[in-house]
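Take a look at the structure set out below.
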Amino acid sequence: FKQKTAYEIGVRLVGSEMCIRDRYTMAFSKGSLILVDYTSKVKDTGEVFETTIEEEAKKHTLHEPNVKYQPKLVSIGESWVVKGLDEALAKTSVGDKKTVEISPDKGFGERDTGKVRMIPLRKLGEDAEKVSIGDTVEVDNKKGVVRFIGSCRFQIDYNHRFAGKTILYDINILKELKTDDDKVSGILKRYLPVKDDKISFKKTGNMLDITIPEEMFRADGLHAIKHFVQTDVFKFIPSLEQLNFVESHVNQKAKSTEKTTKTKAKTKKAKAP
């Protein structure tokens, strides 16, 4: 009999308690779909810059009315989040709540002085007089932050905003999506910017019908959204043979005429002796 080491069993400290769980039950496999809530901040300054939780967004003055706050869908080991967080999530299980520290090399990268450049102001065209230090601008199809403005040139930093920073993620592993319905629901919530009650689909055998919400009919990028949805659905539910996007259009004029007719009929009936 060979005794397992602490590493083989999996030892995790939670406050003053030690939880021991077998490594085969604690880790997700590559391609597992999970839902996770998280709040991320810069370790040095404590600046919170992203969260999936609406209350946290309001607390840290990050709240945006048009943002859909919800648990993030992550496919383990497939770079849906920064490398360090991806690796950490693979070693968790449903119900885990912990803080993960991500070094720059596994986060947003180290700072590269070669990505800081001096650019002629004329590159900004008519916007040159409107730009201030700290603004994000796009030059030659690349976005960067303005660090300095001179009489004829300005300095732009193409490094990621958090390059060179150690990042802390407070994570809460909520659920692993195992059933086909859970997977479809999670994928649709990821791509469709509508309320959950507007999301509708029906799986019959190896065929899936997804109803496109009416408010999405003229949405920019709808074609791309459909492409991403079908790509993920077929990837995570390989048994599916066919996926249909359903758009139901109502003839408003006919509906209005029918309503008027019914109203007149009720009025005549009410006046009848």
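Letters A, B, ... mark the chains of the structure tokens in the order given; residue numbers begin at 1 per chain; ligand numbers begin at 1, in order shown.
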
Practice task
Could you give me, as a list in words, the residues within 12 Å of Val137 in chain A, counting only C-alpha atoms and dropping anything in the same chain fewer than 3 positions from it?
Solution key: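 Using only C-alpha atoms, the neighbours found are Ile119, Leu121, Lys123, Leu124, Gly125, Asp127, Ala128, Lys130, Val131, Ser132, Ile133, Gly134, Asp140, Asn141, Lys142, Lys143, Gly144, Val145, Val146, Arg147, Phe154, Gln155, Ile156, Asp157 and Tyr158 of chain A.
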
Practice task
May I have all residues of range 172-202 of chain A that DSSP, computed from the backbone, assigns to strand (DSSP E), given as a list of chain:residue names?
Solution key: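 So, restricting range 172-202 of chain A to strand (DSSP E), we get A:Asn172, A:Ile173, A:Leu174, A:Lys175, A:Glu176, A:Leu177, A:Ser200, A:Phe201, A:Lys202.
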
Atoms to include: N, CA and C atoms. Write the selected residues as a short mmCIF file (atom, residue, chain, number, x, y, z; two decimals), in the first residue's frame.
```cif
data_model
loop_
_atom_site.label_atom_id
_atom_site.label_comp_id
_atom_site.auth_asym_id
_atom_site.auth_seq_id
_atom_site.Cartn_x
_atom_site.Cartn_y
_atom_site.Cartn_z
N ASN A 172 -16.25 32.68 -7.27
CA ASN A 172 -17.27 31.82 -6.67
C ASN A 172 -17.75 30.86 -7.75
N ILE A 173 -17.41 29.58 -7.64
CA ILE A 173 -17.79 28.59 -8.64
C ILE A 173 -19.23 28.16 -8.38
N LEU A 174 -20.13 28.55 -9.26
CA LEU A 174 -21.56 28.35 -9.02
C LEU A 174 -22.10 27.03 -9.54
N LYS A 175 -21.67 26.63 -10.75
CA LYS A 175 -22.31 25.46 -11.35
C LYS A 175 -21.49 24.93 -12.51
N GLU A 176 -21.53 23.62 -12.71
CA GLU A 176 -20.98 23.02 -13.92
C GLU A 176 -22.16 22.64 -14.81
N LEU A 177 -22.11 23.05 -16.06
CA LEU A 177 -23.22 22.78 -16.99
C LEU A 177 -23.00 21.41 -17.63
N SER A 200 -35.45 31.69 -25.59
CA SER A 200 -36.32 30.54 -25.78
C SER A 200 -35.71 29.55 -26.78
N PHE A 201 -35.78 28.27 -26.44
CA PHE A 201 -35.29 27.24 -27.35
C PHE A 201 -36.01 25.92 -27.05
N LYS A 202 -35.97 25.01 -28.02
CA LYS A 202 -36.60 23.70 -27.85
C LYS A 202 -35.75 22.65 -28.54
#
```

Fill in the blank from the handout: Among A:Val48, A:Ala163, A:Ile53, A:Val42, Gly109 in chain A is approached most closely, using only C-alpha atoms, by A:Ala163

Exercise for the section: Using DSSP on the backbone coordinates, identify the residues of range 43-131 of chain A assigned to helix (DSSP H, G or I); present them as an MDAnalysis selection string. Expected result: chainID A and resid 54:59 83:89 104:106 113:115 121:129

Please provide as a compact mmCIF listing (two decimals) with C-alpha atoms, in the first residue's frame all residues within 8 Å of Gly107 in chain A, with the sequence filter that same-chain residues fewer than 2 positions apart are discarded (counting only C-alpha atoms).
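So the final result, stored in around-v3.txt, reads:
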```
# COMPACT_ATOMS: atom_id res chain seq x y z
CA VAL A 82 -6.71 35.11 -18.80
CA LYS A 83 -4.25 32.21 -18.54
CA GLY A 84 -3.66 32.39 -14.80
CA LEU A 85 -7.36 32.41 -13.98
CA ILE A 102 -2.47 36.28 -11.11
CA SER A 103 1.06 37.41 -11.98
CA PRO A 104 1.56 39.70 -15.02
CA ASP A 105 2.98 36.91 -17.20
CA GLY A 109 1.34 40.68 -19.77
CA ALA A 163 0.17 45.28 -18.14
CA THR A 166 -0.61 41.57 -10.39
CA ILE A 167 -4.35 40.93 -10.42
```

Practice task
For each of A:Lys41, A:Lys91, A:Arg218, A:Lys30, take the minimum atom-to-atom distance to Ile76 in chain A, counting only C-alpha atoms, then give the residue where this is smallest.
Solution key: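 So, comparing all the options, the nearest one is A:Lys30.
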
Practice task
Compile the contact shell of Asp181 in chain A as a PyMOL selection string: residues with an atom at most 12 Å away, counting only C-alpha atoms, same-chain residues fewer than 5 positions apart removed.
Solution key: chain A and resi 186-188+200-204+208-210+233+236-237
